[in-house]
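Data block for start_1.txt (compact mmCIF, C-alpha atoms):
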# COMPACT_ATOMS: atom_id res chain seq x y z
CA MET A 748 279.72 255.07 15.27
CA GLU A 749 282.28 253.59 12.97
CA THR A 750 285.97 253.51 12.20
CA GLU A 751 287.62 252.29 9.02
CA ASN A 752 287.20 248.62 9.96
CA TYR A 753 284.77 248.51 12.90
CA LEU A 754 281.23 249.45 13.86
CA LEU A 755 280.48 250.46 17.42
CA LYS A 756 276.87 249.71 18.41
CA GLU A 757 275.39 250.58 21.78
CA ILE A 758 275.11 247.46 23.98
CA GLU A 759 271.60 245.98 23.82
CA PRO A 760 269.94 243.08 25.69
CA SER A 761 270.43 240.90 22.59
CA ASP A 762 274.23 241.20 23.05
CA ILE A 763 274.17 239.01 26.17
CA GLU A 764 275.69 235.94 24.45
CA ASN A 765 278.56 238.02 23.04
CA ILE A 766 279.18 239.67 26.40
CA HIS A 767 279.10 236.26 28.09
CA ARG A 768 281.56 234.84 25.57
CA GLY A 769 284.07 237.50 26.59
CA LEU A 770 283.41 237.86 30.29
CA SER A 771 283.32 234.11 30.94
CA ASN A 772 286.83 233.63 29.54
CA PRO A 773 289.38 233.63 32.40
CA GLU A 774 292.11 234.93 30.08
CA ILE A 775 290.01 238.01 29.30
CA THR A 776 288.77 238.60 32.87
CA ARG A 777 292.09 237.85 34.55
CA PHE A 778 292.62 241.54 35.35
CA TYR A 779 288.93 242.50 35.66
CA ASP A 780 286.59 242.80 38.61
CA VAL A 781 283.97 240.67 36.84
CA HIS A 782 283.72 237.11 35.61
CA PHE A 783 280.52 235.28 34.70
CA SER A 784 280.41 231.50 34.48
CA THR A 785 276.86 231.28 33.13
CA LEU A 786 274.67 233.22 30.74
CA GLU A 787 272.31 233.86 33.65
CA GLU A 788 275.13 235.44 35.68
CA THR A 789 275.96 237.67 32.70
CA GLU A 790 272.56 239.33 33.14
CA GLU A 791 274.22 241.23 36.01
CA GLN A 792 276.57 242.87 33.49
CA MET A 793 273.69 243.63 31.13
CA GLU A 794 271.86 245.32 34.02
CA TRP A 795 275.02 247.34 34.72
CA TYR A 796 275.03 248.61 31.11
CA ARG A 797 271.31 249.53 31.39
CA THR A 798 271.89 251.34 34.70
CA LEU A 799 274.79 253.36 33.29
CA LYS A 800 272.58 254.59 30.47
CA LYS A 801 269.49 255.18 32.64
CA GLU A 802 271.39 257.11 35.33
CA GLY A 803 273.56 259.00 32.83
CA THR A 804 276.77 257.66 34.37
CA GLY A 805 278.14 256.02 31.23
CA ILE A 806 277.59 254.19 27.98
CA TRP A 807 279.19 251.12 26.36
CA TRP A 808 279.29 249.87 22.77
CA GLY A 809 279.83 246.48 21.20
CA ILE A 810 282.71 246.44 18.68
CA TYR A 811 281.91 244.65 15.41
CA ASP A 812 284.08 243.88 12.40
CA LYS A 813 282.60 245.63 9.34
CA LEU A 814 283.52 242.80 6.98
CA ASP A 815 281.50 240.04 8.62
CA ASN A 816 279.67 241.77 11.51
CA ARG A 817 281.65 239.56 13.91
CA PHE A 818 281.60 240.69 17.55
CA CYS A 819 285.13 241.59 18.71
CA GLY A 820 284.61 243.07 22.18
CA ALA A 821 283.17 246.05 24.00
CA GLY A 822 284.26 249.50 25.08
CA GLY A 823 282.85 252.57 26.67
CA PHE A 824 282.62 254.88 29.62
CA ASN A 825 281.51 254.50 33.22
CA GLY A 826 281.89 256.59 36.35
CA LEU A 827 280.80 259.64 34.35
CA ASP A 828 281.05 262.73 36.55
CA LYS A 829 279.37 265.64 34.74
CA GLN A 830 280.37 268.23 37.35
CA HIS A 831 284.08 267.47 36.96
CA ARG A 832 283.74 266.49 33.27
CA LYS A 833 285.51 263.14 33.61
CA ALA A 834 284.82 259.45 33.11
CA GLU A 835 286.61 256.12 33.22
CA ILE A 836 287.17 254.34 29.91
CA GLY A 837 287.12 250.59 29.55
CA LEU A 838 287.65 248.19 26.69
CA TRP A 839 287.98 244.43 26.36
CA LEU A 840 288.40 242.19 23.34
CA LEU A 841 287.74 238.54 22.62
CA LYS A 842 291.00 236.60 22.67
CA GLU A 843 290.92 235.90 18.93
CA CYS A 844 290.91 239.68 18.37
CA TRP A 845 294.01 240.41 20.45
CA GLY A 846 297.00 241.89 18.65
CA LYS A 847 295.05 243.09 15.60
CA GLY A 848 295.29 246.84 16.33
CA ILE A 849 291.61 247.14 17.28
CA LEU A 850 292.27 249.19 20.40
CA LYS A 851 294.46 251.62 18.47
CA GLU A 852 291.72 252.07 15.86
CA VAL A 853 288.73 252.21 18.20
CA MET A 854 290.14 254.37 21.02
CA PRO A 855 290.25 257.59 18.94
CA LYS A 856 286.53 257.14 18.18
CA LEU A 857 285.83 256.64 21.90
CA PHE A 858 287.91 259.76 22.66
CA GLU A 859 285.85 261.70 20.12
CA GLN A 860 282.63 260.55 21.80
CA GLY A 861 283.96 261.35 25.24
CA PHE A 862 285.36 264.76 24.50
CA THR A 863 282.57 265.95 22.18
CA ALA A 864 279.26 264.17 22.84
CA LEU A 865 279.86 263.67 26.59
CA ASN A 866 281.71 267.00 27.00
CA LEU A 867 284.53 265.44 29.02
CA ASN A 868 287.73 267.21 29.95
CA ARG A 869 289.45 264.09 31.30
CA ILE A 870 289.28 260.40 30.41
CA GLU A 871 290.77 258.06 32.98
CA GLY A 872 292.03 254.50 32.67
CA PHE A 873 292.64 252.20 35.63
CA VAL A 874 294.78 249.12 34.97
CA VAL A 875 295.96 246.34 37.26
CA SER A 876 299.71 246.98 37.56
CA ASP A 877 300.58 243.47 36.31
CA ASN A 878 298.60 243.99 33.08
CA THR A 879 301.59 245.11 31.02
CA LYS A 880 299.87 244.62 27.64
CA CYS A 881 296.99 246.92 28.54
CA LYS A 882 299.34 249.58 29.95
CA ALA A 883 301.43 249.49 26.77
CA ALA A 884 298.28 249.81 24.66
CA LEU A 885 297.13 252.86 26.64
CA GLU A 886 300.50 254.50 26.18
CA LYS A 887 300.31 253.87 22.41
CA VAL A 888 297.14 255.98 22.28
CA ASN A 889 298.78 258.77 24.31
CA PHE A 890 297.45 258.15 27.79
CA LYS A 891 299.75 259.59 30.46
CA TYR A 892 300.75 257.48 33.46
CA GLU A 893 299.82 259.33 36.66
CA GLY A 894 300.69 256.91 39.41
CA THR A 895 300.06 253.64 41.21
CA MET A 896 297.55 252.91 43.92
CA ARG A 897 299.50 250.29 45.85
CA GLU A 898 297.61 247.20 47.08
CA CYS A 899 294.31 249.05 46.74
CA GLU A 900 292.17 246.02 45.85
CA ILE A 901 291.91 242.37 46.79
CA LYS A 902 290.93 239.80 44.18
CA ASP A 903 290.80 236.09 44.99
CA GLY A 904 292.63 236.79 48.23
CA GLU A 905 295.54 238.55 46.47
CA LYS A 906 296.48 242.20 47.03
CA ILE A 907 296.44 244.13 43.76
CA SER A 908 298.02 247.42 42.82
CA VAL A 909 296.37 249.57 40.15
CA ASP A 910 298.07 252.06 37.81
CA PHE A 911 296.08 255.02 36.64
CA TYR A 912 296.33 256.89 33.38
CA SER A 913 294.56 259.84 31.80
CA ILE A 914 294.23 261.86 28.66
CA LEU A 915 292.94 265.42 28.70
CA GLU A 916 290.76 267.14 26.13
CA ASN A 917 293.50 269.60 25.14
CA GLU A 918 295.98 266.72 24.63
CA TRP A 919 293.45 264.91 22.45
CA GLN A 920 292.81 268.09 20.44
CA GLN A 921 296.56 268.55 19.90
CA GLN A 922 297.05 264.98 18.69
CA THR A 923 293.97 265.27 16.46
CA ARG A 924 295.34 268.46 14.89
CA SER A 925 298.76 266.84 14.45
CA ALA A 926 297.23 263.79 12.76
CA GLN A 927 295.21 265.99 10.42
CA SER A 928 298.21 268.10 9.45
CA THR A 929 300.15 264.98 8.38
CA ILE A 930 297.36 263.90 6.01

For the structure just supplied, provide its representation as structure tokens.
Amino acid sequence: METENYLLKEIEPSDIENIHRGLSNPEITRFYDVHFSTLEETEEQMEWYRTLKKEGTGIWWGIYDKLDNRFCGAGGFNGLDKQHRKAEIGLWLLKECWGKGILKEVMPKLFEQGFTALNLNRIEGFVVSDNTKCKAALEKVNFKYEGTMRECEIKDGEKISVDFYSILENEWQQQTRSAQSTI
């Protein structure tokens, strides 16, 4: 898959160093359930990607800059529920890629994959309530805030609330038609 500036390549075992570079950085994993201090620990994440694919419960892609093939981050789907036609979306970027509009460019391609290739009706996003930057980014790509699960998780001994967002297939189709009519 590709956008104007980025290639999205399915995560492969050879991506382990790139995945480790992101998921070992405390600034990136601050709001995540995972953090890997060593390359060996990162194998757990690589196994998770393989299991998603093997069991048909999701798929993730590495995000690469077209100009220099530089790894920027990863995004994809997990928690795929075929009966209810929904999945959770996730995306993280290396710190040096923050604030460059990557999410805004890549998310529509992920939506397209989700709503067409995976036949989803609903894409969900779960965000730690304190992660204001991520929530703002989701709203920029037309996710709708649905509510807050108060103190639903504990991380490092702290109670965490999680906000949840969604976008529906018909909303995506409407925004796609609107974007095409302005071209």

Given the point (288.0, 259.1, 24.2) in the file's coordinates, find the residues that have an atom at most 7 Å from it, counting only C-alpha atoms, and give them as a PyMOL selection string. chain A and resi 854-862+870

At a cut-off of 12 Å, using all atoms listed in the file, what residues contact Glu886 (chain A)? Leave out same-chain residues fewer than 6 positions from it and give the result as a VMD selection string. chain A and resid 850 to 851 854 872 874 879 to 880 892 to 893 911 to 914

From the options A:Asn825, A:Asp815, A:Trp839, A:Thr785, which residue's atoms come nearest to Glu802 (chain A), counting all atoms listed in the file? A:Asn825

Given all atoms listed in the file as the basis, pick out the residue of A:Lys891, A:Arg777, A:His767, A:Lys801 nearest to Thr789 (chain A).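 Residue with the minimum atom-to-atom distance to Thr789 (chain A): A:His767.
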
Would you please work out which residue, of A:Trp919, A:Tyr796, A:Phe818, A:Phe873, is nearest to Glu835 (chain A) when using all atoms listed in the file?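 With all atoms listed in the file as the atom set, the closest residue is A:Phe873.
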
Nearest-residue call for Met748 (chain A), choices A:Gly904, A:Gly826, A:Gly809, A:Gly846, using all atoms listed in the file: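 Smallest separation from Met748 (chain A) among the options: A:Gly809.
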
So, with only C-alpha atoms as the atoms that count, which of A:Leu755, A:Val888, A:Leu915, A:Val781 lies closest to Asn816 (chain A)?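 Residue with the minimum atom-to-atom distance to Asn816 (chain A): A:Leu755.
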
Between A:Gln927, A:Thr776, A:Asn868, A:Thr895, which residue has the minimum interatomic distance to Ala834 (chain A), considering all atoms listed in the file?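 The answer is A:Asn868, which sits nearest to Ala834 (chain A).
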
Trp807 (chain A) environment, 9 Å, all atoms listed in the file, sequence neighbours closer than 5 positions dropped, as an MDAnalysis selection string: chainID A and resid 756:758 796 799:800 821:825 837:838

Once 5 Å is added on each side, what centre and edge lengths in Å to one decimal does the axis-aligned box around all listed atoms of region 828-834 of chain A have, as AutoDock Vina command-line options?
--center_x 282.4 --center_y 263.8 --center_z 35.2 --size_x 16.1 --size_y 18.8 --size_z 14.2

Distance of CA of Cys819 (chain A) from CA of Ile775 (chain A), expressed in Å to one decimal place: 12.2 Å

CA of Arg869 (chain A) and CA of Arg832 (chain A) are how many Å apart?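 Between CA of Arg869 (chain A) and CA of Arg832 (chain A) the gap is 6.5 Å.
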